[in-house]
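With PDB, C-alpha atoms and all ligand atoms inside, this is entry07.pdb:
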```pdb
MODEL        1
ATOM      1  CA  MET U 534      19.263 131.495  20.439
ATOM      2  CA  LEU U 535      22.515 129.656  20.806
ATOM      3  CA  ALA U 536      24.389 130.363  17.636
ATOM      4  CA  MET U 537      27.346 129.358  19.810
ATOM      5  CA  SER U 538      29.112 132.498  18.731
ATOM      6  CA  GLY U 539      31.729 133.260  21.313
ATOM      7  CA  ALA U 540      30.039 130.655  23.494
ATOM      8  CA  SER U 541      29.151 132.277  26.768
ATOM      9  CA  GLY U 542      28.844 129.040  28.694
ATOM     10  CA  LYS U 543      30.944 127.948  31.598
ATOM     11  CA  ILE U 544      32.429 124.582  32.422
ATOM     12  CA  ARG U 545      30.375 122.538  34.877
ATOM     13  CA  PRO U 546      31.811 119.576  36.807
ATOM     14  CA  ILE U 547      31.042 116.215  35.190
ATOM     15  CA  VAL U 548      29.295 113.669  37.424
ATOM     16  CA  LEU U 549      31.131 110.336  37.500
ATOM     17  CA  ALA U 550      29.688 106.823  37.816
ATOM     18  CA  PRO U 551      28.344 105.363  40.049
ATOM     19  CA  ALA U 552      26.511 108.568  41.092
ATOM     20  CA  PRO U 553      22.749 107.938  41.622
ATOM     21  CA  ILE U 554      21.677 110.775  39.250
ATOM     22  CA  LEU U 555      23.217 108.831  36.350
ATOM     23  CA  LYS U 556      20.812 105.967  37.083
ATOM     24  CA  ALA U 557      17.672 108.139  37.328
ATOM     25  CA  LYS U 558      15.214 108.776  34.499
ATOM     26  CA  THR U 559      15.122 112.467  33.581
ATOM     27  CA  ARG U 560      12.024 114.627  33.458
ATOM     28  CA  ARG U 561      10.798 115.939  30.092
ATOM     29  CA  VAL U 562      11.422 119.635  29.526
ATOM     30  CA  GLY U 563       8.249 121.722  29.803
ATOM     31  CA  GLN U 564       7.368 125.395  29.321
ATOM     32  CA  ALA U 565       8.440 126.183  32.908
ATOM     33  CA  ASP U 566      11.963 124.839  32.253
ATOM     34  CA  ILE U 567      12.811 127.030  29.257
ATOM     35  CA  ALA U 568      14.927 129.567  31.167
ATOM     36  CA  VAL U 569      16.847 126.781  32.896
ATOM     37  CA  VAL U 570      17.487 125.019  29.593
ATOM     38  CA  GLN U 571      18.621 128.224  27.848
ATOM     39  CA  ALA U 572      21.223 128.706  30.588
ATOM     40  CA  LEU U 573      22.126 125.018  30.603
ATOM     41  CA  LEU U 574      22.808 124.458  26.893
ATOM     42  CA  PRO U 575      25.816 126.804  26.478
ATOM     43  CA  ASP U 576      27.341 125.331  29.646
ATOM     44  CA  MET U 577      26.829 121.808  28.347
ATOM     45  CA  PHE U 578      28.510 122.616  25.018
ATOM     46  CA  VAL U 579      31.466 124.309  26.721
ATOM     47  CA  THR U 580      31.793 121.408  29.193
ATOM     48  CA  MET U 581      31.661 118.835  26.371
ATOM     49  CA  TYR U 582      34.220 120.642  24.186
ATOM     50  CA  HIS U 583      36.533 121.142  27.161
ATOM     51  CA  ALA U 584      36.415 117.468  28.268
ATOM     52  CA  PRO U 585      36.741 116.796  25.279
ATOM     53  CA  GLY U 586      33.811 114.605  24.270
ATOM     54  CA  ILE U 587      31.323 114.167  21.409
ATOM     55  CA  GLY U 588      28.183 113.963  23.546
ATOM     56  CA  LEU U 589      26.945 115.053  26.950
ATOM     57  CA  ALA U 590      23.598 114.520  28.681
ATOM     58  CA  ALA U 591      22.146 116.826  31.348
ATOM     59  CA  PRO U 592      22.388 114.241  34.190
ATOM     60  CA  GLN U 593      26.157 114.240  33.604
ATOM     61  CA  VAL U 594      26.230 117.830  34.845
ATOM     62  CA  GLY U 595      23.772 117.035  37.649
ATOM     63  CA  VAL U 596      20.560 118.198  35.940
ATOM     64  CA  GLY U 597      17.642 115.754  35.732
ATOM     65  CA  LEU U 598      16.095 117.101  32.526
ATOM     66  CA  ALA U 599      15.782 115.440  29.104
ATOM     67  CA  VAL U 600      18.456 117.523  27.376
ATOM     68  CA  THR U 601      21.549 116.384  25.514
ATOM     69  CA  VAL U 602      24.190 117.921  23.286
ATOM     70  CA  ILE U 603      26.228 116.244  20.565
ATOM     71  CA  ASP U 604      29.023 117.410  18.288
ATOM     72  CA  LEU U 605      30.918 114.880  16.185
ATOM     73  CA  MET U 606      33.106 117.693  14.776
ATOM     74  CA  PRO U 607      32.988 116.441  11.176
ATOM     75  CA  ASP U 608      36.099 117.654   9.338
ATOM     76  CA  GLU U 609      37.186 119.048  12.729
ATOM     77  CA  LYS U 610      34.662 121.863  12.427
ATOM     78  CA  PRO U 611      31.983 122.425  15.089
ATOM     79  CA  ALA U 612      28.530 121.066  14.258
ATOM     80  CA  PRO U 613      26.624 121.504  17.535
ATOM     81  CA  LEU U 614      23.396 119.587  17.954
ATOM     82  CA  ALA U 615      21.160 120.329  20.958
ATOM     83  CA  LEU U 616      18.324 117.878  21.562
ATOM     84  CA  ILE U 617      15.464 118.557  23.962
ATOM     85  CA  ASN U 618      13.100 115.683  24.839
ATOM     86  CA  PRO U 619      14.674 113.424  22.190
ATOM     87  CA  GLU U 620      13.016 110.091  21.438
ATOM     88  CA  ILE U 621      13.843 107.223  19.140
ATOM     89  CA  ILE U 622      10.980 106.977  16.640
ATOM     90  CA  VAL U 623      12.401 104.236  14.427
ATOM     91  CA  ALA U 624      15.259 101.814  15.085
ATOM     92  CA  SER U 625      16.582  99.494  12.384
ATOM     93  CA  PRO U 626      16.361  95.736  12.952
ATOM     94  CA  GLU U 627      20.001  95.512  11.844
ATOM     95  CA  LEU U 628      22.481  95.936  14.653
ATOM     96  CA  ALA U 629      25.976  97.406  14.700
ATOM     97  CA  ILE U 630      28.842  97.042  17.158
ATOM     98  CA  ARG U 631      30.923 100.067  18.030
ATOM     99  CA  GLU U 632      33.389 100.906  20.769
ATOM    100  CA  GLU U 633      31.923 103.426  23.211
ATOM    101  CA  GLY U 634      33.230 105.515  26.053
ATOM    102  CA  CYS U 635      31.568 108.025  28.353
ATOM    103  CA  LEU U 636      32.706 111.188  30.133
ATOM    104  CA  SER U 637      31.154 109.771  33.325
ATOM    105  CA  LEU U 638      33.332 106.641  33.014
ATOM    106  CA  PRO U 639      36.674 108.240  32.147
ATOM    107  CA  GLY U 640      39.184 105.995  30.394
ATOM    108  CA  GLN U 641      36.751 103.062  30.094
ATOM    109  CA  TYR U 642      35.758 101.680  26.693
ATOM    110  CA  ALA U 643      33.787  98.681  25.491
ATOM    111  CA  GLU U 644      32.067  97.403  22.371
ATOM    112  CA  VAL U 645      28.308  97.982  22.497
ATOM    113  CA  MET U 646      25.707  96.495  20.153
ATOM    114  CA  ARG U 647      22.820  98.746  19.111
ATOM    115  CA  PRO U 648      20.458  99.276  16.163
ATOM    116  CA  ALA U 649      22.582 100.398  13.213
ATOM    117  CA  ARG U 650      20.223 103.198  12.158
ATOM    118  CA  VAL U 651      17.750 105.331  14.088
ATOM    119  CA  THR U 652      15.316 108.148  13.476
ATOM    120  CA  VAL U 653      15.119 110.517  16.449
ATOM    121  CA  GLY U 654      12.484 113.176  17.084
ATOM    122  CA  TYR U 655      13.421 116.116  19.303
ATOM    123  CA  HIS U 656      12.978 119.816  19.922
ATOM    124  CA  ASP U 657      15.908 122.039  19.028
ATOM    125  CA  ALA U 658      17.208 124.977  21.074
ATOM    126  CA  THR U 659      14.573 127.273  19.539
ATOM    127  CA  GLY U 660      11.792 124.847  20.505
ATOM    128  CA  GLU U 661      11.166 123.682  16.949
ATOM    129  CA  TYR U 662      10.327 119.971  16.506
ATOM    130  CA  ARG U 663      12.756 118.178  14.219
ATOM    131  CA  THR U 664      13.682 114.671  13.195
ATOM    132  CA  ILE U 665      17.103 113.338  12.370
ATOM    133  CA  GLU U 666      17.974 110.089  10.594
ATOM    134  CA  ALA U 667      21.353 108.711  11.525
ATOM    135  CA  GLU U 668      23.685 105.801  10.979
ATOM    136  CA  GLY U 669      27.231 105.006  12.015
ATOM    137  CA  LEU U 670      28.810 107.030  14.814
ATOM    138  CA  LEU U 671      25.924 109.529  15.018
ATOM    139  CA  ALA U 672      23.374 106.708  15.430
ATOM    140  CA  ALA U 673      25.398 105.204  18.286
ATOM    141  CA  CYS U 674      25.944 108.600  19.889
ATOM    142  CA  LEU U 675      22.239 109.520  19.754
ATOM    143  CA  GLN U 676      21.303 106.198  21.367
ATOM    144  CA  HIS U 677      24.036 106.541  24.014
ATOM    145  CA  GLU U 678      22.806 110.025  24.963
ATOM    146  CA  ILE U 679      19.106 109.075  24.949
ATOM    147  CA  ASP U 680      20.055 106.134  27.188
ATOM    148  CA  HIS U 681      21.551 108.668  29.642
ATOM    149  CA  LEU U 682      18.191 110.461  29.770
ATOM    150  CA  ASN U 683      16.612 107.149  30.801
ATOM    151  CA  GLY U 684      19.206 106.474  33.486
ATOM    152  CA  VAL U 685      21.088 103.936  31.369
ATOM    153  CA  LEU U 686      24.876 103.905  30.899
ATOM    154  CA  PHE U 687      26.672 102.049  28.099
ATOM    155  CA  ILE U 688      28.006  99.580  30.672
ATOM    156  CA  ASP U 689      24.384  98.612  31.425
ATOM    157  CA  ARG U 690      24.277  97.201  27.882
ATOM    158  CA  LEU U 691      27.196  94.854  28.613
ATOM    159  CA  SER U 692      27.163  91.514  30.427
ATOM    160  CA  PRO U 693      27.206  91.828  34.245
ATOM    161  CA  LEU U 694      30.747  90.406  34.184
ATOM    162  CA  LYS U 695      32.074  93.060  31.791
ATOM    163  CA  ARG U 696      30.169  95.791  33.624
ATOM    164  CA  ASN U 697      31.687  94.797  36.972
ATOM    165  CA  ILE U 698      35.193  94.672  35.519
ATOM    166  CA  ILE U 699      34.803  98.263  34.271
ATOM    167  CA  LEU U 700      33.273  99.534  37.539
ATOM    168  CA  ARG U 701      36.047  97.916  39.599
ATOM    169  CA  ARG U 702      38.743  99.279  37.295
ATOM    170  CA  LEU U 703      37.198 102.752  37.566
ATOM    171  CA  ALA U 704      37.070 102.577  41.378
ATOM    172  CA  LYS U 705      40.662 101.322  41.516
ATOM    173  CA  GLU U 706      41.912 104.118  39.243
ATOM    174  CA  ARG U 707      40.057 106.674  41.354
ATOM    175  CA  ARG U 708      41.630 105.331  44.578
ATOM    176  CA  GLN U 709      45.096 105.449  42.981
ATOM    177  CA  LYS U 710      44.480 109.025  41.851
ATOM    178  CA  GLU U 711      43.270 110.042  45.316
ATOM    179  CA  SER U 712      46.226 108.454  47.097
ATOM    180  CA  ALA U 713      48.610 110.062  44.582
ATOM    181  CA  SER U 714      47.174 113.511  45.294
ATOM    182  CA  ALA U 715      46.915 112.950  49.077
TER     183      ALA U 715
HETATM  184 NI    NI O 801      27.961 108.957  28.159
ENDMDL
END
```
Once more with this new file: its structure as structure tokens, please.
Ligand code: NI
Amino acid sequence: MLAMSGASGKIRPIVLAPAPILKAKTRRVGQADIAVVQALLPDMFVTMYHAPGIGLAAPQVGVGLAVTVIDLMPDEKPAPLALINPEIIVASPELAIREEGCLSLPGQYAEVMRPARVTVGYHDATGEYRTIEAEGLLAACLQHEIDHLNGVLFIDRLSPLKRNIILRRLAKERRQKESASA
């Protein structure tokens, strides 16, 4: 499934922080969820490309299942990666700092420190178990998305001071937007 040819998905609204679903741990996908996931994946890709973003986790479209999509668009060509029940199997002791953002925290960016390299096990869209070894941007993106599936946002990896600055800035920008459109 999901060759992404002529992508039949539709854009779903993206849930913004501080919505409770973003803080909840997702449920692992089981046999009974397959139809839901097959309908969800094309929508998640279309929503991510439209945003645009390089990663999207199911809770960000209001679904509490362990599903995430990633596309770093290497050489500006699509390279869609769908991960079902992904888990970090190995994380390097070396750390790396990288600036991160999130579609649920629009316009907010901060440097986050994480293991520099990870090996992730997951099931692909056909149900096949695979592993992926990653470094650089892909390693950070995989960890950011797996965090989402555990109810963790990148701001939760910052100091409380930095996290509060971002949350206040986000709330202020939202109020300004609302009063501008009122
Ligand atoms: Ni995110």
* Name the residues captured by the PyMOL selection byres (((not hetatm)) within 7 of (chain O and resi 801)) when it is applied to the shown file; answer as an MDAnalysis selection string. => chainID U and resid 588:589 634:637 677:678 681 686
* Any chance you could work out the residue set of the PyMOL selection byres (((chain U and resi 577) around 10) and not hetatm) here, as a list in words? ->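 Taken over the shown coordinates, the PyMOL selection byres (((chain U and resi 577) around 10) and not hetatm) returns Gly542, Lys543, Ile544, Arg545, Ile547, Val570, Ala572, Leu573, Leu574, Pro575, Asp576, Phe578, Val579, Thr580, Met581, Tyr582, His583, Gly588, Leu589, Ala590, Ala591, Gln593, Val594, Val600, Thr601, Val602, Ile603 and Ala615 of chain U.
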* Selection: 9 Å around U:Pro592, all atoms listed in the file, excl. self and same-chain fewer than 4 positions, as a ChimeraX atom specification -> /U:547-548,554-557,559,596-601,681-682,684
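Residues matched by the PyMOL selection byres (((chain U and resi 642) around 9) and not hetatm) in this file are U:Glu632, U:Glu633, U:Gly634, U:Cys635, U:Leu638, U:Pro639, U:Gly640, U:Gln641, U:Ala643, U:Glu644, U:Ile688, U:Ile699.
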Output for the residues just chosen: C-alpha atoms as a short mmCIF file (atom, residue, chain, number, x, y, z; two decimals), in the frame of the given file:
```
data_model
loop_
_atom_site.label_atom_id
_atom_site.label_comp_id
_atom_site.auth_asym_id
_atom_site.auth_seq_id
_atom_site.Cartn_x
_atom_site.Cartn_y
_atom_site.Cartn_z
CA GLU U 632 33.39 100.91 20.77
CA GLU U 633 31.92 103.43 23.21
CA GLY U 634 33.23 105.52 26.05
CA CYS U 635 31.57 108.02 28.35
CA LEU U 638 33.33 106.64 33.01
CA PRO U 639 36.67 108.24 32.15
CA GLY U 640 39.18 106.00 30.39
CA GLN U 641 36.75 103.06 30.09
CA ALA U 643 33.79 98.68 25.49
CA GLU U 644 32.07 97.40 22.37
CA ILE U 688 28.01 99.58 30.67
CA ILE U 699 34.80 98.26 34.27
#
```
Report, as JSON, the centre and edge lengths in Å (one decimal) of the axis-aligned box enclosing every listed atom of stretch 549-555 of chain U, padded by 5 Å on each side.
```
{"center_x": 26.4, "center_y": 108.1, "center_z": 39.0, "size_x": 19.5, "size_y": 15.4, "size_z": 15.3}
```
* **Selection: 10 Å around U:Gly669, only C-alpha atoms, excl. self and same-chain fewer than 5 positions, as a count of residues only** => 8
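Nearest-residue note for U:Arg560: choosing from U:Lys705, U:Asn683, U:Pro611, U:Leu700, the minimum distance belongs to U:Asn683, counting only C-alpha atoms.
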* Asked: Please, what distance in Å, to one decimal, runs between atom CA of U:Ile665 and atom CA of U:Val685?
  ->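 Atom CA of U:Ile665 sits 21.6 Å away from atom CA of U:Val685.
With distances restricted to only C-alpha atoms, U:Gly595 is the closest residue to U:Leu549 from U:Pro607, U:Pro613, U:Pro626, U:Gly595.
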* To do: Enter the distance from atom CA of U:Ile622 to atom CA of U:Ile679, in Å, rounded to one decimal.
  => 11.8 Å
* To one decimal in Å, tell me the separation between atom CA of U:Pro585 and atom CA of U:Arg708. => 23.0 Å
Counting only C-alpha atoms, which residues of stretch 538-625 of chain U fall within 8 Å of stretch 654-663 of chain U, and what is the closest atom pair for each with its distance in Å at one decimal, ordered by chain and rising number, as a tab-separated table?
```
residue	atom	partner	partner_atom	distance
U:Gln571	CA	U:Ala658	CA	7.6
U:Leu614	CA	U:Asp657	CA	8.0
U:Ala615	CA	U:Asp657	CA	5.9
U:Leu616	CA	U:Asp657	CA	5.4
U:Ile617	CA	U:His656	CA	4.9
U:Asn618	CA	U:Tyr655	CA	5.6
U:Pro619	CA	U:Tyr655	CA	4.1
U:Glu620	CA	U:Gly654	CA	5.4
U:Ile621	CA	U:Gly654	CA	6.4
U:Ile622	CA	U:Gly654	CA	6.4
```
* Counting all atoms listed in the file, the option among U:Val623, U:Val645, U:Val569, U:Asp608 closest to U:Lys695 -> U:Val645
